[in-house]
$ cat input_30.cif   # mmCIF, C-alpha atoms and all ligand atoms
data_upload
#
loop_
_atom_site.group_PDB
_atom_site.id
_atom_site.type_symbol
_atom_site.label_atom_id
_atom_site.label_comp_id
_atom_site.auth_asym_id
_atom_site.auth_seq_id
_atom_site.Cartn_x
_atom_site.Cartn_y
_atom_site.Cartn_z
ATOM 1 C CA MET A 1 0.000 0.000 0.000
ATOM 2 C CA GLY A 2 2.762 2.388 0.992
ATOM 3 C CA ARG A 3 4.454 2.017 -2.379
ATOM 4 C CA SER A 4 1.380 3.186 -4.254
ATOM 5 C CA ILE A 5 0.147 5.847 -1.865
ATOM 6 C CA VAL A 6 3.012 7.836 -0.339
ATOM 7 C CA LYS A 7 3.925 10.677 -2.672
ATOM 8 C CA GLU A 8 6.468 12.737 -0.733
ATOM 9 C CA LYS A 9 6.333 11.978 2.940
ATOM 10 C CA ALA A 10 4.408 9.803 5.394
ATOM 11 C CA LEU A 11 3.745 10.027 9.099
ATOM 12 C CA ALA A 12 3.662 6.583 10.692
ATOM 13 C CA CYS A 13 2.230 6.310 14.204
ATOM 14 C CA VAL A 14 3.967 3.651 16.288
ATOM 15 C CA ASN A 15 2.758 2.159 19.571
ATOM 16 C CA GLY A 16 3.851 -1.448 19.252
ATOM 17 C CA ALA A 17 5.620 -4.049 17.152
ATOM 18 C CA PHE A 18 3.215 -4.135 14.217
ATOM 19 C CA SER A 19 2.854 -0.384 13.775
ATOM 20 C CA GLU A 20 6.666 -0.282 13.951
ATOM 21 C CA ARG A 21 6.781 -2.839 11.157
ATOM 22 C CA CYS A 22 4.469 -0.663 9.086
ATOM 23 C CA ALA A 23 6.861 2.290 9.493
ATOM 24 C CA GLN A 24 9.816 0.067 8.566
ATOM 25 C CA THR A 25 7.975 -1.209 5.504
ATOM 26 C CA LEU A 26 7.394 2.342 4.264
ATOM 27 C CA MET A 27 11.083 3.121 4.719
ATOM 28 C CA ALA A 28 12.093 -0.117 3.002
ATOM 29 C CA CYS A 29 10.014 1.082 0.039
ATOM 30 C CA GLY A 30 12.238 4.171 -0.059
ATOM 31 C CA LYS A 31 9.541 6.490 1.276
ATOM 32 C CA GLN A 32 10.413 9.442 3.494
ATOM 33 C CA THR A 33 8.776 8.539 6.791
ATOM 34 C CA ASP A 34 8.546 10.352 10.111
ATOM 35 C CA ILE A 35 7.462 8.481 13.200
ATOM 36 C CA LEU A 36 5.148 9.520 15.996
ATOM 37 C CA LYS A 37 6.028 7.060 18.725
ATOM 38 C CA VAL A 38 4.408 6.471 22.101
ATOM 39 C CA GLU A 39 5.162 3.870 24.767
ATOM 40 C CA MET A 40 3.897 0.346 24.216
ATOM 41 C CA GLY A 41 0.504 0.006 25.878
ATOM 42 C CA GLN A 42 -0.340 3.665 25.256
ATOM 43 C CA VAL A 43 -2.684 4.816 22.519
ATOM 44 C CA ILE A 44 -2.115 7.172 19.638
ATOM 45 C CA LYS A 45 -3.961 10.295 20.744
ATOM 46 C CA PRO A 46 -5.831 12.277 18.060
ATOM 47 C CA GLN A 47 -4.466 15.612 19.250
ATOM 48 C CA ALA A 48 -0.868 14.358 19.155
ATOM 49 C CA VAL A 49 -1.387 13.253 15.545
ATOM 50 C CA ILE A 50 -2.789 16.636 14.557
ATOM 51 C CA GLU A 51 0.098 18.491 16.208
ATOM 52 C CA LYS A 52 2.673 16.334 14.453
ATOM 53 C CA LEU A 53 0.923 16.670 11.092
ATOM 54 C CA ALA A 54 0.887 20.457 11.516
ATOM 55 C CA ALA A 55 4.647 20.552 12.100
ATOM 56 C CA ASP A 56 5.610 19.404 8.584
ATOM 57 C CA LYS A 57 4.101 18.552 5.212
ATOM 58 C CA TYR A 58 2.755 15.002 4.970
ATOM 59 C CA ASP A 59 0.606 13.351 2.327
ATOM 60 C CA THR A 60 -0.009 10.012 4.067
ATOM 61 C CA LEU A 61 -0.814 8.945 7.617
ATOM 62 C CA THR A 62 -0.680 5.380 8.935
ATOM 63 C CA VAL A 63 -2.105 4.116 12.218
ATOM 64 C CA CYS A 64 -2.676 0.558 13.376
ATOM 65 C CA HIS A 65 -6.267 0.020 14.542
ATOM 66 C CA ASN A 66 -5.605 -2.975 16.774
ATOM 67 C CA GLU A 67 -1.982 -3.307 17.951
ATOM 68 C CA THR A 68 -1.811 -7.075 18.296
ATOM 69 C CA SER A 69 1.445 -6.893 20.263
ATOM 70 C CA THR A 70 -0.045 -4.776 23.071
ATOM 71 C CA GLY A 71 -3.793 -5.311 22.781
ATOM 72 C CA VAL A 72 -4.354 -1.584 22.294
ATOM 73 C CA ARG A 73 -7.229 -0.370 20.157
ATOM 74 C CA ASN A 74 -6.394 3.055 18.801
ATOM 75 C CA PRO A 75 -9.173 5.682 18.469
ATOM 76 C CA ILE A 76 -9.103 5.606 14.677
ATOM 77 C CA ALA A 77 -12.508 7.181 14.052
ATOM 78 C CA GLU A 78 -11.596 10.230 16.162
ATOM 79 C CA ILE A 79 -8.203 10.548 14.470
ATOM 80 C CA GLY A 80 -9.828 10.214 11.049
ATOM 81 C CA LYS A 81 -12.457 12.839 11.815
ATOM 82 C CA LEU A 82 -9.852 15.408 12.821
ATOM 83 C CA VAL A 83 -7.517 14.573 9.926
ATOM 84 C CA LYS A 84 -10.339 14.945 7.406
ATOM 85 C CA LYS A 85 -11.163 18.364 8.834
ATOM 86 C CA GLU A 86 -7.652 19.746 9.322
ATOM 87 C CA PHE A 87 -5.683 18.005 6.549
ATOM 88 C CA PRO A 88 -8.163 16.884 3.889
ATOM 89 C CA GLU A 89 -5.421 16.138 1.340
ATOM 90 C CA ILE A 90 -3.857 13.443 3.528
ATOM 91 C CA ILE A 91 -4.596 9.811 2.701
ATOM 92 C CA PHE A 92 -5.288 7.996 5.968
ATOM 93 C CA VAL A 93 -4.249 4.339 5.901
ATOM 94 C CA VAL A 94 -5.310 1.947 8.658
ATOM 95 C CA ASP A 95 -3.833 -1.461 9.459
ATOM 96 C CA ALA A 96 -6.788 -3.548 10.647
ATOM 97 C CA VAL A 97 -5.018 -6.889 10.254
ATOM 98 C CA SER A 98 -6.186 -8.196 13.620
ATOM 99 C CA SER A 99 -9.540 -6.414 13.837
ATOM 100 C CA MET A 100 -11.199 -6.631 10.419
ATOM 101 C CA ALA A 101 -14.179 -9.020 10.544
ATOM 102 C CA GLY A 102 -14.262 -8.792 14.344
ATOM 103 C CA ASP A 103 -14.343 -5.141 15.296
ATOM 104 C CA LYS A 104 -16.091 -2.440 13.257
ATOM 105 C CA THR A 105 -13.624 -1.543 10.534
ATOM 106 C CA SER A 106 -15.575 -0.183 7.595
ATOM 107 C CA PRO A 107 -13.963 2.990 6.152
ATOM 108 C CA GLN A 108 -17.163 4.824 7.152
ATOM 109 C CA ASP A 109 -16.817 3.667 10.756
ATOM 110 C CA LEU A 110 -13.112 4.497 10.871
ATOM 111 C CA ASN A 111 -13.150 7.723 8.794
ATOM 112 C CA CYS A 112 -10.211 6.491 6.733
ATOM 113 C CA ASP A 113 -9.278 6.165 3.052
ATOM 114 C CA ILE A 114 -7.701 2.728 3.133
ATOM 115 C CA VAL A 115 -8.205 -0.100 5.567
ATOM 116 C CA PHE A 116 -6.536 -3.468 5.166
ATOM 117 C CA GLY A 117 -6.793 -6.781 6.964
ATOM 118 C CA SER A 118 -5.607 -10.317 6.566
ATOM 119 C CA THR A 119 -7.290 -13.692 6.290
ATOM 120 C CA GLN A 120 -5.483 -15.379 9.186
ATOM 121 C CA LYS A 121 -6.975 -13.338 12.022
ATOM 122 C CA CYS A 122 -10.699 -12.574 12.481
ATOM 123 C CA PHE A 123 -11.622 -14.167 9.155
ATOM 124 C CA ALA A 124 -10.390 -17.425 10.730
ATOM 125 C CA LEU A 125 -8.834 -18.658 7.494
ATOM 126 C CA PRO A 126 -5.309 -19.720 6.545
ATOM 127 C CA PRO A 127 -2.826 -16.911 5.864
ATOM 128 C CA GLY A 128 -2.170 -15.852 2.297
ATOM 129 C CA LEU A 129 -4.534 -13.033 1.355
ATOM 130 C CA ALA A 130 -4.680 -9.375 2.276
ATOM 131 C CA VAL A 131 -8.135 -7.827 2.205
ATOM 132 C CA GLY A 132 -8.321 -4.102 1.577
ATOM 133 C CA LEU A 133 -10.870 -1.366 1.055
ATOM 134 C CA VAL A 134 -9.607 1.629 -0.878
ATOM 135 C CA SER A 135 -11.374 4.947 -1.546
ATOM 136 C CA ASP A 136 -11.600 6.416 -5.036
ATOM 137 C CA ARG A 137 -9.473 9.367 -4.000
ATOM 138 C CA ALA A 138 -6.745 6.998 -2.790
ATOM 139 C CA VAL A 139 -6.691 5.350 -6.222
ATOM 140 C CA GLU A 140 -6.511 8.813 -7.795
ATOM 141 C CA ARG A 141 -3.531 9.611 -5.559
ATOM 142 C CA ALA A 142 -1.818 6.392 -6.610
ATOM 143 C CA LYS A 143 -2.017 7.431 -10.265
ATOM 144 C CA ASN A 144 0.395 10.278 -9.468
ATOM 145 C CA VAL A 145 2.877 8.176 -7.489
ATOM 146 C CA PRO A 146 5.788 6.813 -9.547
ATOM 147 C CA ASN A 147 7.464 3.393 -9.063
ATOM 148 C CA ARG A 148 4.464 1.637 -7.612
ATOM 149 C CA GLY A 149 6.088 -1.722 -8.168
ATOM 150 C CA ALA A 150 4.938 -4.676 -10.228
ATOM 151 C CA TYR A 151 3.038 -6.678 -7.628
ATOM 152 C CA THR A 152 2.103 -3.708 -5.439
ATOM 153 C CA ASP A 153 0.596 -1.380 -8.035
ATOM 154 C CA LEU A 154 -2.795 -0.336 -6.708
ATOM 155 C CA VAL A 155 -3.814 1.309 -9.989
ATOM 156 C CA ASP A 156 -3.092 -1.889 -11.889
ATOM 157 C CA MET A 157 -5.222 -3.877 -9.454
ATOM 158 C CA PHE A 158 -8.245 -1.685 -10.090
ATOM 159 C CA GLU A 159 -7.671 -1.653 -13.865
ATOM 160 C CA PHE A 160 -7.658 -5.461 -13.905
ATOM 161 C CA GLU A 161 -10.654 -5.570 -11.600
ATOM 162 C CA LYS A 162 -12.727 -3.885 -14.316
ATOM 163 C CA LYS A 163 -12.101 -7.047 -16.382
ATOM 164 C CA HIS A 164 -12.790 -9.305 -13.356
ATOM 165 C CA GLN A 165 -9.116 -10.219 -13.313
ATOM 166 C CA THR A 166 -6.062 -9.715 -11.140
ATOM 167 C CA PRO A 167 -2.654 -8.504 -12.387
ATOM 168 C CA PHE A 168 -0.994 -11.688 -11.101
ATOM 169 C CA THR A 169 -2.027 -15.261 -10.348
ATOM 170 C CA PRO A 170 -4.486 -15.009 -7.474
ATOM 171 C CA ASN A 171 -4.716 -17.284 -4.460
ATOM 172 C CA ILE A 172 -7.894 -18.860 -5.827
ATOM 173 C CA SER A 173 -8.430 -21.533 -3.190
ATOM 174 C CA LEU A 174 -8.275 -18.948 -0.437
ATOM 175 C CA LEU A 175 -10.610 -16.633 -2.372
ATOM 176 C CA TYR A 176 -13.203 -19.409 -2.351
ATOM 177 C CA ALA A 177 -12.709 -19.809 1.394
ATOM 178 C CA LEU A 178 -13.029 -16.051 1.899
ATOM 179 C CA ASN A 179 -16.210 -16.022 -0.143
ATOM 180 C CA LYS A 180 -17.683 -18.686 2.140
ATOM 181 C CA ARG A 181 -16.538 -16.839 5.248
ATOM 182 C CA MET A 182 -18.102 -13.619 3.974
ATOM 183 C CA ASP A 183 -21.424 -15.448 3.506
ATOM 184 C CA LEU A 184 -21.244 -16.631 7.116
ATOM 185 C CA LEU A 185 -20.309 -13.193 8.425
ATOM 186 C CA LEU A 186 -23.103 -11.526 6.464
ATOM 187 C CA GLU A 187 -25.547 -14.092 7.785
ATOM 188 C CA GLU A 188 -24.457 -13.321 11.345
ATOM 189 C CA THR A 189 -24.554 -9.562 10.469
ATOM 190 C CA TYR A 190 -21.954 -6.846 10.981
ATOM 191 C CA ASP A 191 -23.485 -5.672 14.280
ATOM 192 C CA LYS A 192 -23.790 -9.152 15.781
ATOM 193 C CA VAL A 193 -20.214 -10.077 14.839
ATOM 194 C CA TYR A 194 -19.089 -6.944 16.664
ATOM 195 C CA GLU A 195 -21.271 -7.747 19.683
ATOM 196 C CA ARG A 196 -19.904 -11.308 19.865
ATOM 197 C CA HIS A 197 -16.336 -9.975 19.955
ATOM 198 C CA GLN A 198 -17.278 -7.299 22.470
ATOM 199 C CA ASP A 199 -18.869 -9.925 24.753
ATOM 200 C CA MET A 200 -15.797 -12.170 24.584
ATOM 201 C CA ALA A 201 -13.512 -9.204 25.316
ATOM 202 C CA ASN A 202 -15.649 -8.017 28.258
ATOM 203 C CA TYR A 203 -15.655 -11.471 29.811
ATOM 204 C CA THR A 204 -11.912 -12.025 29.316
ATOM 205 C CA GLN A 205 -11.000 -8.589 30.595
ATOM 206 C CA THR A 206 -13.201 -8.849 33.674
ATOM 207 C CA TRP A 207 -11.457 -12.154 34.416
ATOM 208 C CA ALA A 208 -8.039 -10.581 33.736
ATOM 209 C CA LYS A 209 -8.696 -7.631 36.050
ATOM 210 C CA LYS A 210 -9.779 -9.995 38.836
ATOM 211 C CA HIS A 211 -6.587 -12.075 38.737
ATOM 212 C CA PHE A 212 -4.016 -9.904 36.941
ATOM 213 C CA SER A 213 -4.173 -6.503 35.256
ATOM 214 C CA MET A 214 -4.581 -5.346 31.688
ATOM 215 C CA PHE A 215 -1.533 -4.103 29.791
ATOM 216 C CA PRO A 216 -3.238 -1.458 27.599
ATOM 217 C CA GLU A 217 -4.154 2.011 28.714
ATOM 218 C CA LEU A 218 -7.547 1.874 30.436
ATOM 219 C CA GLY A 219 -10.475 2.285 28.057
ATOM 220 C CA TYR A 220 -8.524 1.368 24.927
ATOM 221 C CA GLU A 221 -8.514 -2.427 25.199
ATOM 222 C CA SER A 222 -8.808 -4.431 21.999
ATOM 223 C CA ILE A 223 -11.988 -6.423 21.486
ATOM 224 C CA THR A 224 -10.195 -9.186 19.536
ATOM 225 C CA VAL A 225 -7.125 -9.867 21.691
ATOM 226 C CA SER A 226 -6.567 -9.233 25.397
ATOM 227 C CA CYS A 227 -2.998 -8.454 26.451
ATOM 228 C CA ILE A 228 -2.635 -9.185 30.180
ATOM 229 C CA ASN A 229 0.246 -8.560 32.611
ATOM 230 C CA ASN A 230 1.408 -12.038 33.630
ATOM 231 C CA ASN A 231 2.552 -11.237 37.210
ATOM 232 C CA GLY A 232 5.547 -13.566 36.704
ATOM 233 C CA ARG A 233 3.460 -16.616 35.778
ATOM 234 C CA ASP A 234 4.959 -19.248 33.460
ATOM 235 C CA VAL A 235 2.769 -19.068 30.370
ATOM 236 C CA LYS A 236 4.786 -21.644 28.423
ATOM 237 C CA ALA A 237 4.149 -24.258 31.135
ATOM 238 C CA LEU A 238 0.474 -23.296 31.162
ATOM 239 C CA ASN A 239 0.312 -23.771 27.412
ATOM 240 C CA GLN A 240 1.665 -27.290 27.676
ATOM 241 C CA LYS A 241 -1.226 -28.218 29.939
ATOM 242 C CA LEU A 242 -3.783 -26.309 27.866
ATOM 243 C CA GLY A 243 -2.432 -28.069 24.782
ATOM 244 C CA GLU A 244 -3.391 -31.443 26.274
ATOM 245 C CA LYS A 245 -7.004 -30.222 26.187
ATOM 246 C CA GLY A 246 -6.700 -28.805 22.670
ATOM 247 C CA TYR A 247 -6.278 -25.139 23.601
ATOM 248 C CA LEU A 248 -3.447 -22.660 23.243
ATOM 249 C CA ILE A 249 -3.010 -19.059 24.322
ATOM 250 C CA SER A 250 -0.124 -16.779 23.448
ATOM 251 C CA THR A 251 2.838 -15.411 25.345
ATOM 252 C CA GLY A 252 3.591 -11.720 25.038
ATOM 253 C CA TYR A 253 4.994 -10.504 21.721
ATOM 254 C CA GLY A 254 8.577 -9.330 21.189
ATOM 255 C CA LYS A 255 9.751 -7.049 24.008
ATOM 256 C CA LEU A 256 6.659 -7.985 26.028
ATOM 257 C CA ALA A 257 7.279 -11.743 25.773
ATOM 258 C CA ASP A 258 8.157 -12.182 29.462
ATOM 259 C CA LYS A 259 5.782 -9.577 30.887
ATOM 260 C CA THR A 260 2.432 -10.349 29.327
ATOM 261 C CA PHE A 261 0.300 -13.051 27.820
ATOM 262 C CA ARG A 262 -2.384 -12.710 25.192
ATOM 263 C CA ILE A 263 -5.720 -14.384 24.786
ATOM 264 C CA GLY A 264 -7.165 -14.154 21.301
ATOM 265 C CA HIS A 265 -10.958 -13.964 21.101
ATOM 266 C CA MET A 266 -11.653 -13.579 17.438
ATOM 267 C CA GLY A 267 -12.836 -15.372 14.353
ATOM 268 C CA GLU A 268 -14.877 -18.481 15.033
ATOM 269 C CA TRP A 269 -14.599 -18.161 18.805
ATOM 270 C CA ASN A 270 -17.658 -17.519 20.913
ATOM 271 C CA LEU A 271 -18.309 -16.676 24.557
ATOM 272 C CA GLN A 272 -18.849 -20.309 25.538
ATOM 273 C CA GLY A 273 -15.422 -21.291 24.194
ATOM 274 C CA ILE A 274 -13.747 -18.412 26.000
ATOM 275 C CA LYS A 275 -15.433 -19.404 29.268
ATOM 276 C CA GLU A 276 -14.077 -22.935 28.817
ATOM 277 C CA VAL A 277 -10.507 -21.765 28.279
ATOM 278 C CA LEU A 278 -10.595 -19.370 31.226
ATOM 279 C CA THR A 279 -12.049 -22.056 33.492
ATOM 280 C CA LEU A 280 -9.225 -24.369 32.465
ATOM 281 C CA ILE A 281 -6.660 -21.655 33.223
ATOM 282 C CA ASP A 282 -8.318 -21.147 36.627
ATOM 283 C CA GLU A 283 -7.913 -24.855 37.334
ATOM 284 C CA ILE A 284 -4.327 -25.156 36.094
ATOM 285 C CA TRP A 285 -3.101 -22.023 37.877
ATOM 286 C CA GLY A 286 -5.372 -22.519 40.887
ATOM 287 C CA LEU A 287 -6.878 -19.020 40.567
HETATM 288 C C1 LIG B 1 -1.771 -5.549 13.406
HETATM 289 C C2 LIG B 1 -0.892 -6.371 12.521
HETATM 290 N N1 LIG B 1 -0.350 -5.798 11.443
HETATM 291 C C3 LIG B 1 0.430 -6.498 10.602
HETATM 292 C C4 LIG B 1 0.719 -7.811 10.831
HETATM 293 C C5 LIG B 1 1.589 -8.528 9.872
HETATM 294 O O1 LIG B 1 0.831 -9.429 9.148
HETATM 295 P P1 LIG B 1 1.558 -10.547 8.268
HETATM 296 O O2 LIG B 1 2.237 -11.445 9.229
HETATM 297 O O3 LIG B 1 0.419 -11.174 7.530
HETATM 298 O O4 LIG B 1 2.512 -9.823 7.394
HETATM 299 C C6 LIG B 1 0.174 -8.469 11.930
HETATM 300 C C7 LIG B 1 0.450 -9.875 12.197
HETATM 301 O O5 LIG B 1 0.126 -10.437 13.205
HETATM 302 C C8 LIG B 1 -0.647 -7.723 12.801
HETATM 303 O O6 LIG B 1 -1.196 -8.297 13.883
#
$ encode --input "input_30.cif" --output "structure tokens" --more "lines below"
Ligand SMILES: Cc1ncc(COP(=O)(O)O)c(C=O)c1O
Amino acid sequence: MGRSIVKEKALACVNGAFSERCAQTLMACGKQTDILKVEMGQVIKPQAVIEKLAADKYDTLTVCHNETSTGVRNPIAEIGKLVKKEFPEIIFVVDAVSSMAGDKTSPQDLNCDIVFGSTQKCFALPPGLAVGLVSDRAVERAKNVPNRGAYTDLVDMFEFEKKHQTPFTPNISLLYALNKRMDLLLEETYDKVYERHQDMANYTQTWAKKHFSMFPELGYESITVSCINNNGRDVKALNQKLGEKGYLISTGYGKLADKTFRIGHMGEWNLQGIKEVLTLIDEIWGL
């Protein structure tokens, strides 16, 4: 996306490992990129974004909706609203890799120009496809960006789409799977999918606050993955025992590996399943 969208200079907001990777990807594409960085666990505040954007000339802004490494859910809609008002020429790009198809991530809900996700998270499919929604004005921008690459040329993708084709061999088997998943999601409805994820997050986070504490800044907890301070507990040993029952949770990611653990509640999961896992953890850890 960065290769087709950034014209002169991007501002990449970083509050965890995946937003950091986004900034690095822009730089690896040879794009001038400034970083607005806050501590892991903190959110990207709308006002801080506006102040940084006002300090220089940017044409692209990137923010991660759901920082999977910290369990922080950034206030994208508020950021988008302000950016649209103050800097209407900026293309606002949102990484929703771990929230699309779980949380509300339509461009209308997020006030953004581009939002992209991935099949292996809330879509509950194998990895191998990126799913993106792109506004007309973002495609228009791309037309004026040189060196968009062969496989990453957004304009090409939309030109081929007019012929019901892709510019390269598509991952057809996964497209069929995505089509099926979309049918199921539409049947459940956008609002109910959101509610199911919200219910799982509320239950998990109430449990987490009773026995541990949440890692993210209060009020900005993800609804698809809960990142919990581990209070020195051995999560790897826990996972061995959970594995015997067919379950697995995650240790912390990267720098947070030894401090936190993460419980994913996305995709095909429902509240009943989450209750079962948490009850098992209660038993194993004697909580
Ligand atoms: C928020 C977020 N962005 C980006 C990525 C990178 O996705 P991929 O591993 O498909 O490149 C991940 C992966 O977990 C993620 O959680």
$ residues_near_ligand --input "input_30.cif" --ligand "ligand LIG 1 (chain B)" --cutoff "9 Å" --atoms "all atoms listed in the file" --output "ChimeraX atom specification"
/A:17-19,21-22,64-69,95-99,117-121,127-130
$ atom_distance --input "input_30.cif" --atom1 "CA of Tyr203 (chain A)" --atom2 "CA of Met266 (chain A)"
13.2 Å
$ residues_near_point --input "input_30.cif" --point "(1.6, 8.7, 11.5)" --cutoff "6 Å" --atoms "all atoms listed in the file" --output "PDB file with C-alpha atoms, in the frame of the given file"
ATOM      1  CA  LEU A  11       3.745  10.027   9.099  1.00  0.00           C
ATOM      2  CA  ALA A  12       3.662   6.583  10.692  1.00  0.00           C
ATOM      3  CA  CYS A  13       2.230   6.310  14.204  1.00  0.00           C
ATOM      4  CA  LEU A  36       5.148   9.520  15.996  1.00  0.00           C
ATOM      5  CA  LEU A  61      -0.814   8.945   7.617  1.00  0.00           C
ATOM      6  CA  THR A  62      -0.680   5.380   8.935  1.00  0.00           C
ATOM      7  CA  VAL A  63      -2.105   4.116  12.218  1.00  0.00           C
TER       8      VAL A  63
END
$ residues_around --input "input_30.cif" --residues "Arg73 (chain A)" --least-positions-apart "2" --cutoff "8 Å" --atoms "only C-alpha atoms" --output "PyMOL selection string"
chain A and resi 43+65-67+71+75+220-223
$ residues_around --input "input_30.cif" --residues "region 137-154 of chain A" --least-positions-apart "3" --cutoff "10 Å" --atoms "only C-alpha atoms" --output "VMD selection string"
chain A and resid 1 to 8 29 59 89 to 93 113 to 114 134 157 to 159 167 to 168
$ closest_residue --input "input_30.cif" --among "A:Thr204, A:Pro126, A:Gly102, A:Val38" --to "Tyr176 (chain A)" --atoms "only C-alpha atoms"
A:Pro126
$ resolve_selection --input "input_30.cif" --expression "the PyMOL selection byres (((chain A and resi 76-82) around 7) and not hetatm)" --output "ChimeraX atom specification"
/A:46,65,74-75,83-86,109-112
$ resolve_selection --input "input_30.cif" --expression "the PyMOL selection byres (((chain A and resi 230-239) around 8) and not hetatm)" --output "PDB file with C-alpha atoms, in the coordinates of the input"
ATOM      1  CA  PHE A 212      -4.016  -9.904  36.941  1.00  0.00           C
ATOM      2  CA  ILE A 228      -2.635  -9.185  30.180  1.00  0.00           C
ATOM      3  CA  ASN A 229       0.246  -8.560  32.611  1.00  0.00           C
ATOM      4  CA  GLN A 240       1.665 -27.290  27.676  1.00  0.00           C
ATOM      5  CA  LYS A 241      -1.226 -28.218  29.939  1.00  0.00           C
ATOM      6  CA  LEU A 242      -3.783 -26.309  27.866  1.00  0.00           C
ATOM      7  CA  GLY A 243      -2.432 -28.069  24.782  1.00  0.00           C
ATOM      8  CA  TYR A 247      -6.278 -25.139  23.601  1.00  0.00           C
ATOM      9  CA  LEU A 248      -3.447 -22.660  23.243  1.00  0.00           C
ATOM     10  CA  ILE A 249      -3.010 -19.059  24.322  1.00  0.00           C
ATOM     11  CA  SER A 250      -0.124 -16.779  23.448  1.00  0.00           C
ATOM     12  CA  THR A 251       2.838 -15.411  25.345  1.00  0.00           C
ATOM     13  CA  ASP A 258       8.157 -12.182  29.462  1.00  0.00           C
ATOM     14  CA  LYS A 259       5.782  -9.577  30.887  1.00  0.00           C
ATOM     15  CA  THR A 260       2.432 -10.349  29.327  1.00  0.00           C
ATOM     16  CA  PHE A 261       0.300 -13.051  27.820  1.00  0.00           C
ATOM     17  CA  ILE A 281      -6.660 -21.655  33.223  1.00  0.00           C
ATOM     18  CA  ILE A 284      -4.327 -25.156  36.094  1.00  0.00           C
ATOM     19  CA  TRP A 285      -3.101 -22.023  37.877  1.00  0.00           C
TER      20      TRP A 285
END
$ atom_distance --input "input_30.cif" --atom1 "CA of Tyr190 (chain A)" --atom2 "CA of Asn270 (chain A)"
15.2 Å
$ axis_aligned_box --input "input_30.cif" --around "region 108-117 of chain A" --padding-each-side "6 Å" --output "JSON"
{"center_x": -11.8, "center_y": 0.5, "center_z": 7.0, "size_x": 22.6, "size_y": 26.5, "size_z": 19.8}
$ atom_distance --input "input_30.cif" --atom1 "CA of Val49 (chain A)" --atom2 "CA of Pro216 (chain A)"
19.1 Å
$ residues_around --input "input_30.cif" --residues "Lys31 (chain A)" --least-positions-apart "3" --cutoff "7 Å" --atoms "only C-alpha atoms" --output "ChimeraX atom specification"
/A:6,9,26-27
$ resolve_selection --input "input_30.cif" --expression "the PyMOL selection byres (((chain A and resi 132) around 6) and not hetatm)" --output "list in words"
Val115, Phe116, Val131 and Leu133 of chain A
$ closest_residue --input "input_30.cif" --among "A:Leu287, A:Leu125, A:Thr33, A:Met40" --to "Asn179 (chain A)" --atoms "all atoms listed in the file"
A:Leu125
$ residues_around --input "input_30.cif" --residues "Met214 (chain A)" --least-positions-apart "3" --cutoff "8 Å" --atoms "all atoms listed in the file" --output "ChimeraX atom specification"
/A:205,208-209,217-218,226-229
$ closest_residue --input "input_30.cif" --among "A:Pro170, A:Gln165, A:Ala10, A:Ala201" --to "Gln24 (chain A)" --atoms "all atoms listed in the file"
A:Ala10
$ decode --input "input_30.cif" --residues "region 114-122 of chain A" --atoms "N, CA, C and O atoms" --output "PDB file, in the first residue's frame"
ATOM      1  N   ILE A 114      -8.093   4.112   3.431  1.00  0.00           N
ATOM      2  CA  ILE A 114      -7.701   2.728   3.133  1.00  0.00           C
ATOM      3  C   ILE A 114      -7.699   1.951   4.439  1.00  0.00           C
ATOM      4  O   ILE A 114      -7.172   2.416   5.454  1.00  0.00           O
ATOM      5  N   VAL A 115      -8.292   0.779   4.403  1.00  0.00           N
ATOM      6  CA  VAL A 115      -8.205  -0.100   5.567  1.00  0.00           C
ATOM      7  C   VAL A 115      -7.893  -1.490   5.026  1.00  0.00           C
ATOM      8  O   VAL A 115      -8.464  -1.938   4.055  1.00  0.00           O
ATOM      9  N   PHE A 116      -6.889  -2.129   5.648  1.00  0.00           N
ATOM     10  CA  PHE A 116      -6.536  -3.468   5.166  1.00  0.00           C
ATOM     11  C   PHE A 116      -6.474  -4.466   6.313  1.00  0.00           C
ATOM     12  O   PHE A 116      -6.159  -4.113   7.451  1.00  0.00           O
ATOM     13  N   GLY A 117      -6.830  -5.693   5.989  1.00  0.00           N
ATOM     14  CA  GLY A 117      -6.793  -6.781   6.964  1.00  0.00           C
ATOM     15  C   GLY A 117      -6.144  -7.994   6.351  1.00  0.00           C
ATOM     16  O   GLY A 117      -5.534  -7.915   5.282  1.00  0.00           O
ATOM     17  N   SER A 118      -6.286  -9.114   7.022  1.00  0.00           N
ATOM     18  CA  SER A 118      -5.607 -10.317   6.566  1.00  0.00           C
ATOM     19  C   SER A 118      -6.445 -11.535   6.950  1.00  0.00           C
ATOM     20  O   SER A 118      -7.138 -11.522   7.958  1.00  0.00           O
ATOM     21  N   THR A 119      -6.370 -12.564   6.097  1.00  0.00           N
ATOM     22  CA  THR A 119      -7.290 -13.692   6.290  1.00  0.00           C
ATOM     23  C   THR A 119      -7.050 -14.496   7.573  1.00  0.00           C
ATOM     24  O   THR A 119      -7.952 -15.162   8.060  1.00  0.00           O
ATOM     25  N   GLN A 120      -5.814 -14.442   8.097  1.00  0.00           N
ATOM     26  CA  GLN A 120      -5.483 -15.379   9.186  1.00  0.00           C
ATOM     27  C   GLN A 120      -5.919 -14.932  10.581  1.00  0.00           C
ATOM     28  O   GLN A 120      -5.653 -15.617  11.551  1.00  0.00           O
ATOM     29  N   LYS A 121      -6.568 -13.790  10.688  1.00  0.00           N
ATOM     30  CA  LYS A 121      -6.975 -13.338  12.022  1.00  0.00           C
ATOM     31  C   LYS A 121      -8.498 -13.528  12.188  1.00  0.00           C
ATOM     32  O   LYS A 121      -8.949 -14.651  12.320  1.00  0.00           O
ATOM     33  N   CYS A 122      -9.268 -12.431  12.185  1.00  0.00           N
ATOM     34  CA  CYS A 122     -10.699 -12.574  12.481  1.00  0.00           C
ATOM     35  C   CYS A 122     -11.474 -13.314  11.390  1.00  0.00           C
ATOM     36  O   CYS A 122     -12.581 -13.790  11.648  1.00  0.00           O
TER      37      CYS A 122
END
